[in-house]
$ cat final_18.txt   # compact mmCIF, C-alpha atoms and all ligand atoms
# COMPACT_ATOMS: atom_id res chain seq x y z
CA MET B 299 11.42 17.47 -53.71
CA LEU B 300 14.82 17.32 -55.36
CA LEU B 301 14.16 20.75 -56.80
CA THR B 302 13.23 22.26 -53.46
CA LEU B 303 16.44 20.90 -51.98
CA LEU B 304 18.48 22.85 -54.43
CA MET B 305 16.69 26.14 -54.49
CA PRO B 306 19.44 28.61 -53.88
CA MET B 307 18.52 30.79 -50.95
CA GLN B 308 20.27 33.99 -50.29
CA VAL B 309 19.58 36.48 -47.56
CA ILE B 310 20.64 39.95 -48.57
CA ARG B 311 19.69 42.89 -46.38
CA ASN B 312 16.42 41.30 -45.28
CA VAL B 313 15.44 40.36 -48.80
CA VAL B 314 15.10 36.62 -49.12
CA TRP B 315 15.52 35.37 -52.63
CA VAL B 316 14.29 31.89 -53.32
CA ALA B 317 14.12 30.73 -56.90
CA ASP B 318 10.56 29.59 -57.41
CA PRO B 319 10.44 25.93 -58.48
CA LEU B 320 7.28 26.67 -60.44
CA GLN B 321 8.92 29.54 -62.23
CA LYS B 322 10.37 27.20 -64.82
CA LYS B 323 12.12 29.97 -66.68
CA MET B 324 14.79 30.44 -64.02
CA ILE B 325 18.10 28.86 -65.03
CA PRO B 326 19.34 27.47 -61.70
CA ILE B 327 22.92 28.10 -60.59
CA ASN B 328 23.47 24.35 -60.25
CA LEU B 329 21.34 21.27 -60.85
CA PRO B 330 22.02 17.57 -60.12
CA GLN B 331 22.48 15.56 -63.32
CA VAL B 332 20.88 12.16 -62.77
CA ASP B 333 19.07 9.80 -65.12
CA GLU B 334 17.89 6.18 -65.32
CA GLN B 335 21.41 4.88 -64.69
CA GLU B 336 21.40 6.21 -61.12
CA VAL B 337 17.80 5.02 -60.65
CA GLU B 338 18.84 1.55 -61.78
CA ALA B 339 21.88 1.49 -59.49
CA VAL B 340 19.80 2.50 -56.46
CA VAL B 341 17.12 -0.11 -57.19
CA GLN B 342 19.77 -2.81 -57.37
CA VAL B 343 21.12 -1.92 -53.94
CA LEU B 344 17.63 -1.80 -52.46
CA ARG B 345 16.90 -5.25 -53.90
CA SER B 346 20.20 -6.63 -52.57
CA GLY B 347 19.09 -6.03 -48.98
CA LEU B 348 22.51 -4.63 -47.96
CA LEU B 349 21.70 -0.95 -47.54
CA THR B 350 24.74 -0.08 -45.49
CA HIS B 351 27.65 -1.92 -43.96
CA ARG B 352 28.51 -2.18 -40.27
CA PHE B 353 31.92 -0.53 -40.84
CA GLY B 354 30.85 1.58 -43.80
CA ASN B 355 32.84 -0.83 -45.88
CA GLY B 356 30.27 -2.61 -48.09
CA PRO B 357 30.88 -3.73 -51.68
CA MET B 358 29.41 -0.58 -53.31
CA VAL B 359 31.35 1.73 -51.00
CA ARG B 360 34.57 -0.16 -51.72
CA GLN B 361 33.96 -0.04 -55.45
CA PHE B 362 33.25 3.68 -55.27
CA GLU B 363 36.30 4.36 -53.09
CA GLU B 364 38.60 2.49 -55.43
CA ALA B 365 37.31 4.42 -58.45
CA PHE B 366 37.45 7.76 -56.62
CA ALA B 367 41.03 7.20 -55.41
CA LYS B 368 42.06 6.54 -58.99
CA PHE B 369 40.25 9.67 -60.19
CA ALA B 370 41.91 11.80 -57.47
CA GLY B 371 45.36 10.31 -58.09
CA ALA B 372 45.47 9.25 -54.44
CA LYS B 373 46.34 5.92 -52.85
CA TYR B 374 43.29 5.88 -50.58
CA ALA B 375 39.74 7.24 -50.63
CA ILE B 376 37.45 6.99 -47.61
CA ALA B 377 33.78 7.63 -48.37
CA VAL B 378 31.73 9.50 -45.77
CA ASN B 379 28.24 10.94 -45.46
CA SER B 380 29.08 14.62 -46.11
CA GLY B 381 31.91 16.93 -47.09
CA THR B 382 31.66 18.52 -43.66
CA ALA B 383 32.11 15.08 -42.04
CA GLY B 384 35.17 14.60 -44.25
CA LEU B 385 36.74 17.89 -43.11
CA HIS B 386 36.02 17.16 -39.44
CA MET B 387 37.40 13.65 -39.74
CA ALA B 388 40.56 14.86 -41.50
CA LEU B 389 41.21 17.35 -38.68
CA LEU B 390 40.67 14.66 -36.04
CA ALA B 391 43.08 12.38 -37.91
CA SER B 392 45.60 15.28 -37.87
CA GLU B 393 45.19 15.28 -34.07
CA VAL B 394 43.81 18.80 -34.07
CA ALA B 395 42.33 19.35 -30.61
CA SER B 396 41.42 21.88 -27.95
CA GLY B 397 43.90 24.77 -27.69
CA ASP B 398 45.13 24.36 -31.26
CA GLU B 399 44.79 26.87 -34.07
CA VAL B 400 43.96 26.08 -37.68
CA ILE B 401 44.51 28.60 -40.49
CA VAL B 402 41.48 28.96 -42.79
CA PRO B 403 40.14 31.44 -45.32
CA SER B 404 37.00 33.35 -44.35
CA PHE B 405 35.85 33.63 -47.96
CA THR B 406 34.42 30.09 -48.14
CA PHE B 407 31.39 28.03 -47.20
CA VAL B 408 31.01 27.97 -43.42
CA ALA B 409 31.82 24.23 -43.16
CA THR B 410 35.56 24.93 -43.50
CA ALA B 411 35.71 26.93 -40.24
CA GLU B 412 32.92 24.91 -38.64
CA SER B 413 34.95 21.70 -38.83
CA VAL B 414 37.78 23.41 -36.93
CA VAL B 415 35.43 24.42 -34.10
CA LEU B 416 33.91 20.91 -34.08
CA ALA B 417 37.42 19.52 -33.57
CA GLY B 418 37.72 21.80 -30.51
CA ALA B 419 40.23 24.17 -32.09
CA ARG B 420 40.21 27.82 -33.05
CA PRO B 421 39.90 28.98 -36.66
CA VAL B 422 42.41 31.70 -37.57
CA PHE B 423 41.08 33.60 -40.56
CA VAL B 424 43.53 34.71 -43.24
CA ASP B 425 42.82 37.01 -46.18
CA ILE B 426 42.60 35.97 -49.84
CA ASP B 427 44.43 36.83 -53.03
CA PRO B 428 41.93 39.10 -54.85
CA GLU B 429 42.86 37.59 -58.22
CA THR B 430 42.04 33.97 -57.33
CA TYR B 431 39.82 34.41 -54.22
CA ASN B 432 41.94 31.69 -52.60
CA LEU B 433 44.03 31.79 -49.42
CA ASP B 434 47.03 34.08 -49.97
CA PRO B 435 50.17 32.07 -49.07
CA LYS B 436 52.05 35.32 -48.38
CA LYS B 437 49.59 36.10 -45.59
CA VAL B 438 49.52 32.54 -44.24
CA GLU B 439 53.10 32.62 -42.97
CA GLY B 440 52.40 35.65 -40.77
CA ALA B 441 49.45 33.89 -39.11
CA VAL B 442 51.46 30.89 -37.90
CA THR B 443 51.92 30.78 -34.10
CA GLU B 444 53.13 28.18 -31.62
CA LYS B 445 49.57 26.88 -31.41
CA THR B 446 49.06 26.37 -35.15
CA LYS B 447 48.44 22.74 -36.03
CA ALA B 448 47.10 22.79 -39.57
CA ILE B 449 46.33 24.89 -42.65
CA MET B 450 43.15 24.44 -44.64
CA PRO B 451 43.30 25.85 -48.17
CA VAL B 452 39.99 25.86 -50.05
CA ASP B 453 39.76 25.38 -53.84
CA LEU B 454 37.16 28.12 -54.08
CA TYR B 455 34.63 27.94 -56.93
CA GLY B 456 36.68 24.99 -58.22
CA LEU B 457 39.96 26.87 -58.76
CA PRO B 458 42.77 24.99 -56.97
CA ALA B 459 44.46 26.92 -54.16
CA ASP B 460 48.21 27.51 -54.30
CA THR B 461 48.88 24.37 -52.29
CA ALA B 462 52.55 23.96 -53.28
CA ALA B 463 53.38 27.28 -51.56
CA ILE B 464 51.20 26.31 -48.60
CA ARG B 465 52.89 22.91 -48.41
CA GLU B 466 56.25 24.71 -48.07
CA ILE B 467 55.04 26.82 -45.14
CA ALA B 468 53.52 23.73 -43.51
CA LYS B 469 56.75 21.80 -43.90
CA LYS B 470 58.78 24.59 -42.35
CA HIS B 471 56.56 24.72 -39.27
CA GLY B 472 55.57 21.05 -39.01
CA LEU B 473 51.88 21.60 -39.82
CA ALA B 474 49.26 19.40 -41.48
CA VAL B 475 47.58 20.50 -44.72
CA VAL B 476 43.91 19.60 -45.08
CA GLU B 477 42.58 20.77 -48.45
CA ASP B 478 38.89 21.59 -48.82
CA SER B 479 38.29 20.31 -52.35
CA ALA B 480 34.50 20.29 -51.94
CA GLN B 481 34.07 22.25 -55.19
CA ALA B 482 37.01 21.01 -57.20
CA HIS B 483 36.12 17.65 -58.83
CA GLY B 484 37.75 17.72 -62.24
CA ALA B 485 40.16 20.59 -61.50
CA SER B 486 43.93 20.25 -61.65
CA TYR B 487 47.00 21.99 -60.27
CA LYS B 488 50.53 21.58 -61.63
CA GLY B 489 49.13 18.79 -63.76
CA LYS B 490 47.77 16.89 -60.75
CA PRO B 491 44.32 16.54 -59.16
CA PRO B 492 43.46 18.67 -56.11
CA GLY B 493 44.74 17.14 -52.88
CA SER B 494 48.09 16.15 -54.39
CA PHE B 495 50.05 18.64 -52.23
CA ALA B 496 48.00 18.08 -49.07
CA ASP B 497 48.07 15.41 -46.36
CA MET B 498 44.35 14.91 -46.90
CA ALA B 499 41.68 16.42 -49.14
CA SER B 500 37.95 16.42 -48.43
CA TRP B 501 35.47 16.37 -51.31
CA SER B 502 31.72 17.03 -51.07
CA LEU B 503 29.05 15.07 -52.91
CA TYR B 504 26.19 17.38 -51.97
CA ALA B 505 23.43 17.75 -54.57
CA SER B 506 24.72 21.02 -56.04
CA LYS B 507 28.31 19.84 -56.51
CA ASN B 508 30.04 18.76 -59.74
CA MET B 509 29.03 15.19 -58.96
CA THR B 510 26.63 14.03 -56.26
CA THR B 511 25.23 11.30 -54.04
CA GLY B 512 22.55 13.65 -52.64
CA GLU B 513 24.54 14.05 -49.44
CA GLY B 514 28.01 12.58 -49.17
CA GLY B 515 31.74 13.14 -49.19
CA VAL B 516 35.14 11.52 -49.62
CA VAL B 517 38.53 12.02 -47.99
CA THR B 518 41.59 11.18 -50.08
CA THR B 519 45.15 10.63 -48.82
CA ASN B 520 48.39 8.93 -49.79
CA SER B 521 49.17 7.87 -46.23
CA ASN B 522 48.31 4.35 -45.22
CA GLU B 523 48.41 5.34 -41.55
CA LEU B 524 46.00 8.27 -42.05
CA ALA B 525 43.69 6.07 -44.13
CA GLU B 526 43.49 3.53 -41.28
CA THR B 527 42.76 6.30 -38.76
CA LEU B 528 40.12 7.86 -41.01
CA ARG B 529 38.33 4.51 -41.46
CA SER B 530 38.31 4.06 -37.70
CA ILE B 531 36.97 7.57 -37.01
CA ARG B 532 34.27 7.00 -39.64
CA THR B 533 32.79 4.25 -37.51
CA HIS B 534 32.96 5.37 -33.86
CA GLY B 535 36.73 5.17 -33.53
CA GLU B 536 36.62 1.41 -33.48
CA GLY B 537 39.74 -0.70 -33.73
CA LEU B 538 38.17 -4.11 -33.29
CA GLU B 539 34.44 -4.62 -33.60
CA TYR B 540 32.63 -2.81 -30.76
CA VAL B 541 35.91 -1.71 -29.22
CA SER B 542 36.63 2.00 -29.63
CA VAL B 543 40.25 3.04 -29.45
CA ARG B 544 39.69 6.74 -30.17
CA LEU B 545 36.88 9.26 -30.40
CA GLY B 546 34.94 8.79 -33.60
CA HIS B 547 31.58 9.42 -35.14
CA ASN B 548 29.06 7.81 -37.46
CA TYR B 549 30.33 9.23 -40.75
CA ARG B 550 29.61 6.13 -42.87
CA MET B 551 28.33 6.39 -46.42
CA SER B 552 25.43 4.07 -47.27
CA GLU B 553 25.58 1.51 -50.07
CA ILE B 554 22.75 3.43 -51.78
CA GLN B 555 24.80 6.64 -51.93
CA ALA B 556 27.92 4.78 -53.08
CA ALA B 557 25.99 3.21 -55.96
CA VAL B 558 24.90 6.68 -57.12
CA GLY B 559 28.44 8.00 -56.64
CA TYR B 560 29.95 5.28 -58.79
CA VAL B 561 27.64 6.10 -61.71
CA GLN B 562 28.23 9.84 -61.26
CA LEU B 563 31.99 9.37 -61.30
CA GLN B 564 31.81 7.68 -64.70
CA LYS B 565 29.90 10.72 -65.99
CA LEU B 566 32.13 13.33 -64.34
CA PRO B 567 34.52 13.81 -67.30
CA ARG B 568 31.54 14.68 -69.52
CA PHE B 569 30.11 17.03 -66.88
CA ALA B 570 33.49 18.74 -66.52
CA GLU B 571 33.86 19.15 -70.29
CA LYS B 572 30.42 20.77 -70.57
CA ARG B 573 31.09 23.11 -67.65
CA ARG B 574 34.38 24.17 -69.26
CA ALA B 575 32.77 24.72 -72.67
CA ASN B 576 30.01 26.82 -71.05
CA ALA B 577 32.50 28.83 -69.01
CA GLU B 578 34.71 29.52 -72.01
CA LEU B 579 31.77 30.58 -74.16
CA LEU B 580 30.49 32.87 -71.40
CA SER B 581 33.95 34.45 -71.05
CA GLU B 582 34.11 34.98 -74.80
CA LYS B 583 30.74 36.79 -74.70
CA LEU B 584 31.55 38.88 -71.62
CA ARG B 585 35.14 39.81 -72.44
CA GLY B 586 35.65 43.54 -72.56
CA VAL B 587 32.49 44.44 -70.62
CA GLU B 588 33.39 47.48 -68.61
CA LYS B 589 34.06 47.02 -64.88
CA LEU B 590 33.32 43.30 -65.06
CA ARG B 591 36.19 41.13 -63.93
CA LEU B 592 35.99 37.62 -65.35
CA PRO B 593 37.27 34.48 -63.60
CA THR B 594 40.79 33.46 -64.63
CA GLU B 595 42.96 30.39 -64.53
CA PRO B 596 46.51 31.27 -63.44
CA PRO B 597 49.31 29.20 -65.03
CA GLU B 598 49.28 25.57 -63.83
CA HIS B 599 45.71 25.92 -62.48
CA GLN B 600 42.75 24.22 -64.18
CA HIS B 601 39.32 25.24 -62.95
CA SER B 602 36.50 22.72 -62.29
CA TRP B 603 34.00 25.53 -63.05
CA TYR B 604 31.75 24.62 -60.12
CA LEU B 605 30.88 28.31 -60.01
CA TYR B 606 31.54 30.88 -62.71
CA THR B 607 32.12 33.94 -60.56
CA VAL B 608 32.49 37.47 -61.87
CA ARG B 609 33.28 40.66 -60.03
CA LEU B 610 31.76 44.08 -60.39
CA GLN B 611 34.84 46.22 -59.88
CA GLY B 612 34.40 49.18 -57.58
CA ALA B 613 30.74 48.35 -56.87
CA THR B 614 28.95 48.68 -53.54
CA THR B 615 26.85 45.81 -52.17
CA GLU B 616 23.70 47.71 -53.20
CA LYS B 617 24.84 48.10 -56.78
CA ARG B 618 25.87 44.42 -57.05
CA ASN B 619 22.55 43.30 -55.54
CA LYS B 620 20.64 45.45 -58.01
CA VAL B 621 22.44 43.74 -60.90
CA LEU B 622 21.58 40.38 -59.36
CA GLU B 623 17.93 41.34 -59.13
CA GLU B 624 17.92 42.41 -62.78
CA LEU B 625 19.46 39.09 -63.77
CA ARG B 626 16.87 37.14 -61.81
CA ASN B 627 14.09 39.15 -63.44
CA ARG B 628 15.49 37.88 -66.73
CA GLY B 629 15.36 34.25 -65.58
CA VAL B 630 19.05 33.93 -64.77
CA GLY B 631 19.54 32.20 -61.41
CA ALA B 632 22.61 34.27 -60.50
CA ASN B 633 23.68 34.06 -56.89
CA VAL B 634 26.31 35.34 -54.45
CA TYR B 635 28.92 33.02 -52.97
CA TYR B 636 29.55 34.25 -50.34
CA SER B 637 27.86 37.47 -49.28
CA THR B 638 28.79 37.15 -45.60
CA PRO B 639 32.40 36.12 -44.98
CA VAL B 640 32.64 33.59 -42.16
CA HIS B 641 34.56 35.92 -39.80
CA LEU B 642 31.62 38.37 -39.93
CA MET B 643 28.95 35.74 -39.14
CA PRO B 644 27.37 36.18 -35.69
CA TYR B 645 28.73 32.90 -34.29
CA TYR B 646 32.20 33.19 -35.82
CA ARG B 647 32.90 36.81 -34.86
CA GLN B 648 34.27 35.54 -31.54
CA PHE B 649 37.21 34.01 -33.45
CA ALA B 650 37.90 37.02 -35.67
CA LYS B 651 40.92 39.00 -34.59
CA LYS B 652 41.17 41.47 -37.44
CA ARG B 653 39.58 42.79 -40.57
CA LEU B 654 40.18 40.99 -43.86
CA PRO B 655 39.98 43.79 -46.46
CA GLU B 656 40.26 41.65 -49.61
CA THR B 657 37.71 39.12 -48.33
CA GLU B 658 35.25 41.83 -47.33
CA LYS B 659 35.58 43.65 -50.64
CA ALA B 660 35.15 40.49 -52.69
CA ALA B 661 32.03 39.55 -50.69
CA GLN B 662 30.46 42.86 -51.75
CA GLN B 663 31.31 42.63 -55.43
CA VAL B 664 31.13 39.04 -56.68
CA PHE B 665 28.27 37.07 -58.15
CA SER B 666 28.06 33.72 -59.93
CA LEU B 667 26.39 32.76 -63.20
CA PRO B 668 25.09 29.29 -64.20
CA VAL B 669 27.44 27.10 -66.29
CA HIS B 670 26.35 23.62 -65.07
CA PRO B 671 26.21 20.78 -67.61
CA ALA B 672 22.50 21.21 -68.40
CA VAL B 673 22.92 24.86 -69.43
CA THR B 674 22.64 25.02 -73.22
CA THR B 675 24.59 27.21 -75.63
CA SER B 676 21.55 29.39 -76.28
CA GLN B 677 21.06 29.78 -72.54
CA ILE B 678 24.69 30.92 -72.22
CA GLU B 679 23.92 33.52 -74.87
CA HIS B 680 20.87 34.62 -72.87
CA ILE B 681 22.94 34.75 -69.67
CA ALA B 682 25.63 36.86 -71.34
CA ALA B 683 23.10 39.26 -72.95
CA SER B 684 21.17 39.57 -69.66
CA THR B 685 24.37 40.37 -67.78
CA VAL B 686 25.24 43.16 -70.22
CA GLU B 687 21.68 44.53 -69.95
CA ALA B 688 21.63 44.28 -66.15
CA LEU B 689 24.86 46.27 -65.95
C1 LIG B 701 29.82 22.09 -50.06
C2 LIG B 701 31.01 22.54 -49.30
C3 LIG B 701 31.38 21.97 -48.07
C4 LIG B 701 30.50 21.04 -47.29
O1 LIG B 701 30.13 19.89 -47.94
P1 LIG B 701 28.77 19.16 -47.50
O2 LIG B 701 28.81 17.91 -48.30
O3 LIG B 701 27.64 20.05 -47.85
O4 LIG B 701 28.87 18.90 -46.04
C5 LIG B 701 32.56 22.37 -47.48
N1 LIG B 701 33.34 23.30 -48.03
C6 LIG B 701 33.02 23.89 -49.19
C7 LIG B 701 33.95 24.92 -49.76
C8 LIG B 701 31.84 23.54 -49.87
O5 LIG B 701 31.52 24.16 -51.00
$ encode --input "final_18.txt" --output "structure tokens"
Amino acid sequence: MLLTLLMPMQVIRNVVWVADPLQKKMIPINLPQVDEQEVEAVVQVLRSGLLTHRFGNGPMVRQFEEAFAKFAGAKYAIAVNSGTAGLHMALLASEVASGDEVIVPSFTFVATAESVVLAGARPVFVDIDPETYNLDPKKVEGAVTEKTKAIMPVDLYGLPADTAAIREIAKKHGLAVVEDSAQAHGASYKGKPPGSFADMASWSLYASKNMTTGEGGVVTTNSNELAETLRSIRTHGEGLEYVSVRLGHNYRMSEIQAAVGYVQLQKLPRFAEKRRANAELLSEKLRGVEKLRLPTEPPEHQHSWYLYTVRLQGATTEKRNKVLEELRNRGVGANVYYSTPVHLMPYYRQFAKKRLPETEKAAQQVFSLPVHPAVTTSQIEHIAASTVEAL
């Protein structure tokens, strides 16, 4: 069941690729790392009888939040039931509403833009820097209008966005910064964890992410006022018990998830180390391969290596997909993140005002290779050799 949940599915030109769970030879792009410790933690919660707390504020959730805040270098952490919930909640806490605009990249998972629409606002798509795949601050400034309320940088693939530059623009125009750090657990920027230059950061704990609770998320902030608002939104906008003072939702994390999250957080440094070692070894093996652009870490940026993403320079979608197919034939669960930029998705086209050349080109040429903590050194060698062969 757990396996089926994580089977990467990718629709490319009517070809549906689903890694076959029975085809054991496929090295998956990501895989949750759980053992008896998580099993034990879950059993304890089940035996305690307190599966969730009325305000999402039970002992396991509080323990997890305290540990996560420390890890993220933030004063407050508010645990929720998905990364998407976290993004939506952060926008609501920023008072983003109908008629407002929020600046987002299009080269991201759909949840970034989706949360803006859920808050009643309009996503304004801005192009990326082709070197980092992250929101280009130089292009952000030009997208600010009278209606702009917030900017949402995404730490794509686990590489922190240039949030200091974005912070400057936000300050100048009085905008909120909500960072989508769904993929960035363990990354750092200017020596600090992701979220440090934002008003709020939302982290995902989905099963494929660097650490997981199955489904889950966390919002971190340094503002006491925002933390209070976020806690209220998490449980139906309540101020006092059964008295709602604002519009909210049920975004509570269960005690069961928090227990898993706490164990995972203790293991995260080891996971991050293994991802980094795998990524560095893969780069060593692939360096110098013609037309293959390897992922980089600009100065002051430390990657979380959620996805090791390479680029086939000058390639068409067909050529890139052919390479992907060759890799999969060799048991390498390579995948494309993201083959359809959000502004070109059928639902989101209504918000797209212009073409985003760098985003569209990257979507045609990138693919990701497995570097998760369970990938062994000999598998990295196989992945590197297969990539050279496939090219
Ligand atoms: C995973 C992810 C999300 C959504 O998180 P969920 O926990 O799946 O809701 C949002 N943004 C990005 C960039 C992600 O990778």
$ atom_distance --input "final_18.txt" --atom1 "atom CA of B:Thr350" --atom2 "atom CA of B:Val414"
28.2 Å
$ residues_around --input "final_18.txt" --residues "stretch 509-514 of chain B" --least-positions-apart "5" --cutoff "6 Å" --atoms "all atoms listed in the file" --output "number ranges by chain"
B: 378-380, 503-504, 555, 558-559, 562
$ axis_aligned_box --input "final_18.txt" --around "stretch 447-453 of chain B" --padding-each-side "4 Å" --output "lines of an AutoDock Vina configuration file"
center_x = 44.1
center_y = 24.3
center_z = -44.9
size_x = 16.7
size_y = 11.1
size_z = 25.8
$ residues_near_ligand --input "final_18.txt" --ligand "ligand LIG 701 (chain B)" --cutoff "8 Å" --atoms "only C-alpha atoms and all ligand atoms" --output "PDB file with C-alpha atoms, in the coordinates of the input"
ATOM      1  CA  ASN B 379      28.240  10.940 -45.460  1.00  0.00           C
ATOM      2  CA  SER B 380      29.080  14.620 -46.110  1.00  0.00           C
ATOM      3  CA  GLY B 381      31.910  16.930 -47.090  1.00  0.00           C
ATOM      4  CA  THR B 382      31.660  18.520 -43.660  1.00  0.00           C
ATOM      5  CA  ALA B 383      32.110  15.080 -42.040  1.00  0.00           C
ATOM      6  CA  GLY B 384      35.170  14.600 -44.250  1.00  0.00           C
ATOM      7  CA  LEU B 385      36.740  17.890 -43.110  1.00  0.00           C
ATOM      8  CA  THR B 406      34.420  30.090 -48.140  1.00  0.00           C
ATOM      9  CA  PHE B 407      31.390  28.030 -47.200  1.00  0.00           C
ATOM     10  CA  VAL B 408      31.010  27.970 -43.420  1.00  0.00           C
ATOM     11  CA  ALA B 409      31.820  24.230 -43.160  1.00  0.00           C
ATOM     12  CA  THR B 410      35.560  24.930 -43.500  1.00  0.00           C
ATOM     13  CA  VAL B 452      39.990  25.860 -50.050  1.00  0.00           C
ATOM     14  CA  ASP B 453      39.760  25.380 -53.840  1.00  0.00           C
ATOM     15  CA  LEU B 454      37.160  28.120 -54.080  1.00  0.00           C
ATOM     16  CA  TYR B 455      34.630  27.940 -56.930  1.00  0.00           C
ATOM     17  CA  ASP B 478      38.890  21.590 -48.820  1.00  0.00           C
ATOM     18  CA  SER B 479      38.290  20.310 -52.350  1.00  0.00           C
ATOM     19  CA  ALA B 480      34.500  20.290 -51.940  1.00  0.00           C
ATOM     20  CA  GLN B 481      34.070  22.250 -55.190  1.00  0.00           C
ATOM     21  CA  TRP B 501      35.470  16.370 -51.310  1.00  0.00           C
ATOM     22  CA  SER B 502      31.720  17.030 -51.070  1.00  0.00           C
ATOM     23  CA  LEU B 503      29.050  15.070 -52.910  1.00  0.00           C
ATOM     24  CA  TYR B 504      26.190  17.380 -51.970  1.00  0.00           C
ATOM     25  CA  SER B 506      24.720  21.020 -56.040  1.00  0.00           C
ATOM     26  CA  LYS B 507      28.310  19.840 -56.510  1.00  0.00           C
ATOM     27  CA  GLU B 513      24.540  14.050 -49.440  1.00  0.00           C
ATOM     28  CA  GLY B 514      28.010  12.580 -49.170  1.00  0.00           C
ATOM     29  CA  GLY B 515      31.740  13.140 -49.190  1.00  0.00           C
TER      30      GLY B 515
END
$ atom_distance --input "final_18.txt" --atom1 "atom CA of B:Met643" --atom2 "atom CA of B:Asn619"
19.2 Å
$ decode --input "final_18.txt" --residues "stretch 360-397 of chain B" --atoms "C-alpha atoms" --output "PDB file, in the first residue's frame"
ATOM      1  CA  ARG B 360       3.353  20.183  20.794  1.00  0.00           C
ATOM      2  CA  GLN B 361       6.485  18.087  21.183  1.00  0.00           C
ATOM      3  CA  PHE B 362       6.860  17.861  17.414  1.00  0.00           C
ATOM      4  CA  GLU B 363       6.237  21.586  16.927  1.00  0.00           C
ATOM      5  CA  GLU B 364       8.816  22.534  19.514  1.00  0.00           C
ATOM      6  CA  ALA B 365      11.440  20.289  17.907  1.00  0.00           C
ATOM      7  CA  PHE B 366      10.585  21.479  14.392  1.00  0.00           C
ATOM      8  CA  ALA B 367      10.762  25.177  15.354  1.00  0.00           C
ATOM      9  CA  LYS B 368      14.229  24.563  16.754  1.00  0.00           C
ATOM     10  CA  PHE B 369      15.285  22.718  13.594  1.00  0.00           C
ATOM     11  CA  ALA B 370      13.954  25.536  11.372  1.00  0.00           C
ATOM     12  CA  GLY B 371      15.526  28.267  13.510  1.00  0.00           C
ATOM     13  CA  ALA B 372      12.067  29.783  13.969  1.00  0.00           C
ATOM     14  CA  LYS B 373      10.253  30.926  17.099  1.00  0.00           C
ATOM     15  CA  TYR B 374       7.032  29.100  16.241  1.00  0.00           C
ATOM     16  CA  ALA B 375       5.994  25.994  14.320  1.00  0.00           C
ATOM     17  CA  ILE B 376       2.347  25.146  13.679  1.00  0.00           C
ATOM     18  CA  ALA B 377       1.746  21.563  12.552  1.00  0.00           C
ATOM     19  CA  VAL B 378      -0.976  20.953   9.961  1.00  0.00           C
ATOM     20  CA  ASN B 379      -2.294  18.052   7.903  1.00  0.00           C
ATOM     21  CA  SER B 380      -0.580  18.885   4.585  1.00  0.00           C
ATOM     22  CA  GLY B 381       1.900  21.245   2.982  1.00  0.00           C
ATOM     23  CA  THR B 382      -0.924  22.584   0.843  1.00  0.00           C
ATOM     24  CA  ALA B 383      -2.948  23.352   3.993  1.00  0.00           C
ATOM     25  CA  GLY B 384       0.109  25.170   5.344  1.00  0.00           C
ATOM     26  CA  LEU B 385       0.412  27.360   2.236  1.00  0.00           C
ATOM     27  CA  HIS B 386      -3.310  28.156   2.228  1.00  0.00           C
ATOM     28  CA  MET B 387      -3.272  28.963   5.929  1.00  0.00           C
ATOM     29  CA  ALA B 388      -0.206  31.215   5.577  1.00  0.00           C
ATOM     30  CA  LEU B 389      -1.938  33.192   2.814  1.00  0.00           C
ATOM     31  CA  LEU B 390      -5.097  33.549   4.904  1.00  0.00           C
ATOM     32  CA  ALA B 391      -2.980  34.752   7.837  1.00  0.00           C
ATOM     33  CA  SER B 392      -1.413  37.319   5.452  1.00  0.00           C
ATOM     34  CA  GLU B 393      -4.976  38.517   4.767  1.00  0.00           C
ATOM     35  CA  VAL B 394      -4.744  37.589   1.105  1.00  0.00           C
ATOM     36  CA  ALA B 395      -8.297  37.733  -0.247  1.00  0.00           C
ATOM     37  CA  SER B 396     -10.484  38.241  -3.290  1.00  0.00           C
ATOM     38  CA  GLY B 397      -9.121  40.857  -5.708  1.00  0.00           C
TER      39      GLY B 397
END
